[in-house]
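A.B. asks: Sending over a structure as structure tokens; questions will come in a sec.
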2 protein chains.
Amino acid sequence: MSDAWIKLYYKNVMADVIGAEHGISNSVLDDLADKTVPLIGELNEGRAAYRELPYNEDYPSAVKAVAGDVRGACENFVVLGIGGSALGNIALQTALNPYMYNLDEGQRYGGPRLFVFDNVDPVQAASFLDWIGDKLENTVFNVISKSGRTAETAAQFLVIRELLEKRLGAEKAKRQIIATTDANEGTMRKIADDAGYRTLVVPDGVGGRFSVLSPVGLLSAAVCGIDIDGLLAGARAMDKVVSSTDFYANPAGLNAAINFHYYNVGKPISVMMPYAYGLKDLSDWYRQLWAESLGKTKDVSGKDVFVGPTPVKALGTTDQHSQVQLYREGPNDKLFTFLQVKDFGCDVEIGPAPDCAPELGYLAGTKMSKLLNSEKLATEYALLKDKRPCLSVMFDKVCGETIGQFIYLYEVTTSIAGRLFAINAYDQPAVELGKEATFALMGREDFKEMAEEITPKMQIDEKFLV
Amino acid sequence: MSDAWIKLYYKNVMADVIGAEHGISNSVLDDLADKTVPLIGELNEGRAAYRELPYNEDYPSAVKAVAGDVRGACENFVVLGIGGSALGNIALQTALNPYMYNLDEGQRYGGPRLFVFDNVDPVQAASFLDWIGDKLENTVFNVISKSGRTAETAAQFLVIRELLEKRLGAEKAKRQIIATTDANEGTMRKIADDAGYRTLVVPDGVGGRFSVLSPVGLLSAAVCGIDIDGLLAGARAMDKVVSSTDFYANPAGLNAAINFHYYNVGKPISVMMPYAYGLKDLSDWYRQLWAESLGKTKDVSGKDVFVGPTPVKALGTTDQHSQVQLYREGPNDKLFTFLQVKDFGCDVEIGPAPDCAPELGYLAGTKMSKLLNSEKLATEYALLKDKRPCLSVMFDKVCGETIGQFIYLYEVTTSIAGRLFAINAYDQPAVELGKEATFALMGREDFKEMAEEITPKMQIDEKFLV
């Protein structure tokens with residue numbers, strides 16, 4: 001395994017840097033340590049199921065077997081999934097494959113194009129179906145759903161299933177579908193067994209947002225040539241570090257405690273701002289992890305608390321020209337987490353300035369990586385001037401190992417933060433009502449009463465339409 | 001012009017719907033009207049420069065002339081710009097061209113592929129340069145910068161300029177570059193005139209974030225076949241509506257006042273959630289408009305106020321499976337604005353359910369548009385149950401006219417909100433320090449002193465690196 005590593009840098013949240021009003025003093029951090037260390041111990045005792053994923057040997061070997069069949073044998077690989085069945089897949093692809101992967105035959109290194117559909121937009125879907133229509137024989141679909149009853153994924157699947165069966169016949173169609181679903185039960189398991197699809201397992205006891213290191217996230221990665229062994233090795237290496245009960249040596253403990261602290265002192269917004277295009281979709285993955293895990297009305301004792309930091313995605317340098325005005329001058333209500341890369345593994349040299357524009361001479365002959373990292377430091381410096389707290393996650397480089405470390409670091413950070421907030425980080429009770437209301441509005445007989453309640457309430461009242 | 005229209009629906013912020021604690025009573029809205037109407041009048045008197053863009057006839061005719069030359073004559077069109085020189089271009093393309101536009105030769109209807117580069121990431125850039133390397137003769141670059149000194153755009157331009165001159169020679173290279181820049185002065189104007197590039201004008205007095213309806217946003221749109229006349233006609237039509245001093249007939253006045261109100265009563269986060277994939281990048285355009293215009297430390301009298309709502313982008317249904325848990329159960333600190341589309345213009349029918357899965361029967365034979373819009377209503381219904389205020393912008397359909405209306409509606413909303421907050425909505429003073437710090441870190445001689453101040457401060461202190 002490579003010795004590339006990620007580390008959390010927390011100096012720029014300290015009172016010594018940004019002052020006593022917005023910074024954390026040594027004694028406050030010691031208090032946070034006292035509060036956090038026992039929770040780390042508890043989490044080490046009753047380890048959540050997701051924490052064993054990097055040690056499971058059956059999953060990657062099953063994934064590799066399927067990926068080996070598929071990789072060279074198709075030109076397009078399409079994931080049908082949503083939320084935790086899509087965000088990890090997208091994040092891995094953006095981080096570890098080239099920007100032009102889908103457009104460039106050469107850059108794909110023998111793997112298929114990858115598409116991930118996590119919506120039911122008719123315009124988007126029609127455009128794609130029109131394009132894929134004559135390529136179905138060379139296209140494999142990976143439907144990912146533990147139950148098979150998630151409305152969006154089910155709808156996409158029914159569209160694709162009908163299309164494949166009509167165009168290729170049922171026998172051929174079944175070879176173009178891989179279902180990642182529950183090992184034993186549920187709608188998709190029934191369908192897959194009945195139709196004879198190849199299947200992979202969504203593990204028990206692992207919520208969607210914690211499932212990227214299971215077959216849910218690993219298959220599309222392996223099919224597209226990503227080093228899944230590196231991902232898992234990175235996660236295992238991080239597991240050792242984040243299990244430490246030495247608070248000051250545990251980046252997940254520090255990260256959780258610092259985030260918890262700032263939430264409680266009037267900074268409920270948590271901005272993750274990667275300075276690397278490849279890391280941008282990890283912010284979206286983090287958004288789900290953070291929001292769905294920590295946004296809860298009740299604490300574990302059943303008391304109303306209505307907690308939850310709001311995660312925000314920003315991208316350096318792009319969003320400097322969009323959000324930094326607000327970040328510096330608006331209310332001091334945010335904690336910033338930058339992602340910074342030391343070695344990009346490749347570089348672009350900036351060309352000479354035209355003779356008539358010597359004012360651009362400072363750029364000539366320098367590397368783009370230097371500009372990007374200078375902008376990161378400059379933005380952070382400007383924020384610190386305005387007493388805004390900044391964390392950084394420092395990547396030696398972006399590779400399977402460091403991405404695996406990052407994923408595991410943030411998953412465990414989330415578990416610890418859940419304990420600090422005294423909420424259940426693993427459920428999502430608020431999602432149910434919307435699902436049921438959708439059933440009602442779609443006309444399901446068993447939700448008729450609900451439909452009768454909703455319909456008049458949601459009727460447009462022209463008086464308020466301007 | 002088509003009679004398609006957008007309207008603001010504000011019933012679901014009212015106290016009658018979500019209760020007195022979080023809703024707006026009729027009398028509070030009347031008070032907001034009294035406060036807002038004079039400001040609308042003032043804005044009508046001294047109209048900001050951006051408000052005249054839809055009436056300018058020179059810009060679209062110059063744009064069409066250049067687009068006519070380029071459209072059929074190249075296979076790739078690459079925008080080099082950042083912030084206001086990129087976000088509008090991206091938003092128009094996503095809204096008005098097919099999802100598979102870049103990949104599908106058939107769907108491009110005679111226009112080139114479009115790429116917009118708003119970053120200086122070496123990995124992303126290297127992947128693109130590698131791909132475009134042998135296609136330079138068929139590629140036109142549109143560099144967009146009023147001054148020509150924005151570091152990111154200048155860096156990209158110097159890379160491309162060198163590449164083109166080396167590969168094609170200076171004479172041929174100049175035909176592959178179009179500069180959109182100041183009419184008379186600045187670095188890019190000098191360079192363009194010196195080299196003989198074709199140019200278009202970035203208008204005076206229009207900030208980047210208000211410039212999408214100028215040649216800044218219109219050229220890439222026209223080159224890719226978007227109906228720019230429709231955009232401008234839509235904006236003109238909306239101008240009439242948002243100039244009204246009848247508060248209850250003015251969607252910009254209502255929108256600004258409602259946003260202002262919620263900011264002041266503990267809801268500083270403003271979530272824009274389109275239920276249409278095509279509208280998702282309009283949320284990013286809005287993020288810049290809103291954050292950079294309203295995020296200000298000082299009010300117009302010079303008093304410290306530190307105001308500014310934080311705009312957040314979410315996408316339906318995708319983010320239901322990521323953010324809605326937090327939105328419903330977390331703190332009631334957000335105002336939601338949904339974008340909803342009535343007629344998608346095309347549809348996808350959901351296939352039959354397998355015999356073994358009758359529980360999916362409710363989806364079979366229905367349209368994807370029905371599912372998407374049911375999910376919107378269901379999510380809104382669930383949020384209202386938890387007393388979260390919801391606005392909706394209702395699109396009859398997505399076309400040039402309605403996108404033009406939306407852009408103009410939000411620009412004027414921003415101007416009115418700026419008056420309500422009593423801040424200058426048109427400057428961005430906080431961006432300067434970061435720019436200067438970048439110059440310092442890049443080694444510009446004239447920023448040497450600053451470099452000496454920054455460098456020790458930003459040095460990594462290993463003690464805080466875990």
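Each chain in the structure tokens gets a letter, A, B, ..., in the order shown, and its residues are numbered from 1; ligands are numbered from 1 in order too.
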Excluding Ala73 in chain B and any residue of its chain fewer than 2 positions from it, enumerate the residues within 12 Å of it, using only C-alpha atoms, and give them as a PyMOL selection string.
C.D. replies: chain B and resi 66-71+75-77+110-113+137-140+175-176+223-224
A.B. asks: Store the residues of this selection in a file with C-alpha atoms, as a JSON list (two decimals), in the first residue's frame.
C.D. replies:
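See out_37.json below for the written result:
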```
[["chain", "number", "residue", "atom", "x", "y", "z"],
["B", 66, "VAL", "CA", -20.24, 35.93, -34.16],
["B", 67, "ALA", "CA", -22.34, 32.87, -33.32],
["B", 68, "GLY", "CA", -23.31, 32.54, -36.97],
["B", 69, "ASP", "CA", -19.64, 32.39, -37.94],
["B", 70, "VAL", "CA", -18.78, 29.89, -35.23],
["B", 71, "ARG", "CA", -21.74, 27.58, -34.82],
["B", 75, "GLU", "CA", -16.93, 21.01, -33.01],
["B", 76, "ASN", "CA", -16.04, 22.33, -29.58],
["B", 77, "PHE", "CA", -16.74, 25.66, -27.94],
["B", 110, "GLY", "CA", -25.57, 21.45, -35.69],
["B", 111, "GLY", "CA", -23.87, 23.17, -32.75],
["B", 112, "PRO", "CA", -20.55, 22.35, -31.12],
["B", 113, "ARG", "CA", -19.99, 20.65, -27.76],
["B", 137, "GLU", "CA", -8.46, 23.34, -35.33],
["B", 138, "ASN", "CA", -12.10, 22.54, -34.66],
["B", 139, "THR", "CA", -12.25, 24.29, -31.31],
["B", 140, "VAL", "CA", -13.11, 27.89, -30.50],
["B", 175, "ARG", "CA", -9.11, 32.82, -35.34],
["B", 176, "GLN", "CA", -9.78, 30.28, -32.60],
["B", 223, "VAL", "CA", -23.54, 29.13, -30.48],
["B", 224, "CYS", "CA", -25.28, 26.11, -28.95]]
```
A.B. asks: Near chain B, which residues of chain A fall within 6 Å when you count only C-alpha atoms, and what do they look like as an MDAnalysis selection string?
C.D. replies: chainID A and resid 7:11 83 99:100 118:119 122 124 127 158:159 162 249 251 288 291:292 295:297 306:308 317:318 321:323 325:326 329:331 347:348 350:351 362 368:369 374:375 378:379 382 430:431 434 437:438 441 444 464:466
A.B. asks: For a test of reading the model, state the distance in Å between CA of Asp239 in chain B and CA of Phe210 in chain B, rounded to one decimal.
C.D. replies: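 CA of Phe210 in chain B lies at a distance of 14.3 Å from CA of Asp239 in chain B.
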A.B. asks: Run DSSP on the backbone and tell me which residues of range 363-404 of chain B come out as alpha helix (DSSP H); list them as a PyMOL selection string.
C.D. replies: chain B and resi 368-385+400-404
A.B. asks: How far is it from CA of Thr199 in chain A to CA of Leu409 in chain A, in Å with one decimal?
C.D. replies: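 Those two atoms sit 29.2 Å apart.
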A.B. asks: From the set B:Asn255, B:Phe115, B:Thr153, B:Leu80, which residue has the shortest atom-to-atom contact distance to Ile177 in chain B, counting only C-alpha atoms?
C.D. replies: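 Among the listed residues, the smallest separation from Ile177 in chain B belongs to B:Leu80.
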A.B. asks: Which one is closest to Lys342 in chain B: B:Trp5, B:Asp182, B:Glu401, B:Lys267? Count only C-alpha atoms.
C.D. replies: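 Of B:Trp5, B:Asp182, B:Glu401, B:Lys267, the one nearest Lys342 in chain B is B:Trp5, counting only C-alpha atoms.
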A.B. asks: Could you pull out the strand (DSSP E or B) residues of range 137-385 of chain B from DSSP and send them as an MDAnalysis selection string?
C.D. replies: chainID B and resid 139:144 177:181 198:201 269:274 296:298 304:307 310:313 334:343 349 367
A.B. asks: Using only C-alpha atoms, please write the residues we just selected to a file, as a compact mmCIF listing (two decimals), in the first residue's frame.
C.D. replies:
```txt
# COMPACT_ATOMS: atom_id res chain seq x y z
CA THR B 139 -12.25 24.29 -31.31
CA VAL B 140 -13.11 27.89 -30.50
CA PHE B 141 -12.26 29.43 -27.15
CA ASN B 142 -14.29 32.29 -25.67
CA VAL B 143 -12.32 34.03 -22.95
CA ILE B 144 -14.59 36.20 -20.80
CA ILE B 177 -10.13 32.86 -29.83
CA ILE B 178 -13.02 35.23 -29.13
CA ALA B 179 -12.57 37.70 -26.28
CA THR B 180 -15.56 39.07 -24.40
CA THR B 181 -14.14 42.05 -22.55
CA ARG B 198 -12.75 38.84 -32.54
CA THR B 199 -14.31 40.58 -29.55
CA LEU B 200 -17.62 41.16 -27.85
CA VAL B 201 -18.35 43.66 -25.12
CA ILE B 269 -30.62 29.94 5.23
CA SER B 270 -32.36 30.12 1.89
CA VAL B 271 -32.71 26.80 0.08
CA MET B 272 -33.53 26.77 -3.62
CA MET B 273 -34.77 23.34 -4.66
CA PRO B 274 -35.73 22.84 -8.32
CA LYS B 296 -22.20 42.64 3.45
CA THR B 297 -20.51 43.85 6.62
CA LYS B 298 -21.56 47.48 6.33
CA ASP B 304 -21.46 47.35 10.87
CA VAL B 305 -24.36 44.98 10.18
CA PHE B 306 -22.80 41.67 9.04
CA VAL B 307 -25.90 40.61 7.10
CA THR B 310 -26.79 31.86 3.02
CA PRO B 311 -28.12 30.39 -0.24
CA VAL B 312 -28.16 26.61 -0.51
CA LYS B 313 -28.66 24.55 -3.63
CA LYS B 334 -34.59 27.89 6.52
CA LEU B 335 -36.85 29.38 3.89
CA PHE B 336 -37.46 26.97 1.00
CA THR B 337 -38.00 28.00 -2.60
CA PHE B 338 -39.12 25.22 -4.90
CA LEU B 339 -39.03 25.48 -8.67
CA GLN B 340 -41.84 23.49 -10.23
CA VAL B 341 -42.58 22.78 -13.90
CA LYS B 342 -46.09 22.19 -15.20
CA ASP B 343 -45.40 20.96 -18.71
CA GLU B 349 -43.89 6.22 -19.29
CA LYS B 367 -45.64 9.18 -16.36
```
A.B. asks: Could you work out how far CA of Lys280 in chain A lies from CA of His22 in chain A, giving the answer in Å with one decimal?
C.D. replies: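 Separating CA of His22 in chain A from CA of Lys280 in chain A is a distance of 27.4 Å.
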A.B. asks: Quick one: everything within 7 Å of range 24-41 of chain B, counting only C-alpha atoms, minus sequence neighbours fewer than 2 positions away in the same chain. Send it as a PDB file with N, CA and C atoms, in the first residue's frame.
C.D. replies:
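Result went into part_29.pdb, see below:
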```
ATOM      1  N   VAL B  13     -46.129  30.296   2.952  1.00  0.00           N
ATOM      2  CA  VAL B  13     -45.365  30.987   3.996  1.00  0.00           C
ATOM      3  C   VAL B  13     -46.330  31.670   4.973  1.00  0.00           C
ATOM      4  N   MET B  14     -47.617  31.591   4.690  1.00  0.00           N
ATOM      5  CA  MET B  14     -48.570  32.367   5.478  1.00  0.00           C
ATOM      6  C   MET B  14     -48.913  31.672   6.805  1.00  0.00           C
ATOM      7  N   ALA B  15     -49.224  32.479   7.787  1.00  0.00           N
ATOM      8  CA  ALA B  15     -49.566  31.965   9.117  1.00  0.00           C
ATOM      9  C   ALA B  15     -50.781  31.047   9.073  1.00  0.00           C
ATOM     10  N   ALA B  20     -48.760  30.729  13.496  1.00  0.00           N
ATOM     11  CA  ALA B  20     -48.326  32.099  13.783  1.00  0.00           C
ATOM     12  C   ALA B  20     -46.840  32.192  14.119  1.00  0.00           C
ATOM     13  N   HIS B  22     -44.191  30.600  12.880  1.00  0.00           N
ATOM     14  CA  HIS B  22     -43.278  30.597  11.729  1.00  0.00           C
ATOM     15  C   HIS B  22     -43.873  31.199  10.464  1.00  0.00           C
ATOM     16  N   LEU B  43     -36.116  52.220  -7.171  1.00  0.00           N
ATOM     17  CA  LEU B  43     -35.388  51.411  -8.167  1.00  0.00           C
ATOM     18  C   LEU B  43     -35.911  51.669  -9.579  1.00  0.00           C
ATOM     19  N   ASN B  44     -37.182  52.015  -9.697  1.00  0.00           N
ATOM     20  CA  ASN B  44     -37.724  52.369 -11.014  1.00  0.00           C
ATOM     21  C   ASN B  44     -37.187  53.713 -11.508  1.00  0.00           C
ATOM     22  N   GLU B  45     -36.939  54.594 -10.562  1.00  0.00           N
ATOM     23  CA  GLU B  45     -36.409  55.920 -10.918  1.00  0.00           C
ATOM     24  C   GLU B  45     -34.981  55.810 -11.438  1.00  0.00           C
ATOM     25  N   SER B 243     -41.799  45.939 -12.106  1.00  0.00           N
ATOM     26  CA  SER B 243     -41.751  47.390 -11.900  1.00  0.00           C
ATOM     27  C   SER B 243     -42.999  47.894 -11.186  1.00  0.00           C
ATOM     28  N   THR B 245     -45.679  48.984  -8.622  1.00  0.00           N
ATOM     29  CA  THR B 245     -45.664  49.402  -7.221  1.00  0.00           C
ATOM     30  C   THR B 245     -46.906  48.898  -6.483  1.00  0.00           C
ATOM     31  N   PHE B 247     -47.685  46.115  -4.584  1.00  0.00           N
ATOM     32  CA  PHE B 247     -46.896  45.054  -3.945  1.00  0.00           C
ATOM     33  C   PHE B 247     -47.457  43.662  -4.211  1.00  0.00           C
ATOM     34  N   GLY B 253     -41.113  42.051  -5.573  1.00  0.00           N
ATOM     35  CA  GLY B 253     -41.334  42.720  -4.301  1.00  0.00           C
ATOM     36  C   GLY B 253     -41.709  41.729  -3.217  1.00  0.00           C
ATOM     37  N   ALA B 257     -39.355  40.784  -0.047  1.00  0.00           N
ATOM     38  CA  ALA B 257     -39.877  41.085   1.292  1.00  0.00           C
ATOM     39  C   ALA B 257     -39.980  39.828   2.147  1.00  0.00           C
ATOM     40  N   ILE B 416     -34.148  44.713  -4.862  1.00  0.00           N
ATOM     41  CA  ILE B 416     -35.108  45.149  -3.834  1.00  0.00           C
ATOM     42  C   ILE B 416     -34.634  44.672  -2.453  1.00  0.00           C
ATOM     43  N   ARG B 419     -32.052  46.897  -1.035  1.00  0.00           N
ATOM     44  CA  ARG B 419     -32.621  48.103  -0.425  1.00  0.00           C
ATOM     45  C   ARG B 419     -33.225  47.801   0.948  1.00  0.00           C
TER      46      ARG B 419
END
```
A.B. asks: Quick one: residues within 8 Å of Leu213 in chain A, only C-alpha atoms counted, chain neighbours fewer than 2 positions away excluded, as an NGL selection string?
C.D. replies: :A and (53-54 or 210-211 or 215-218 or 231-232)
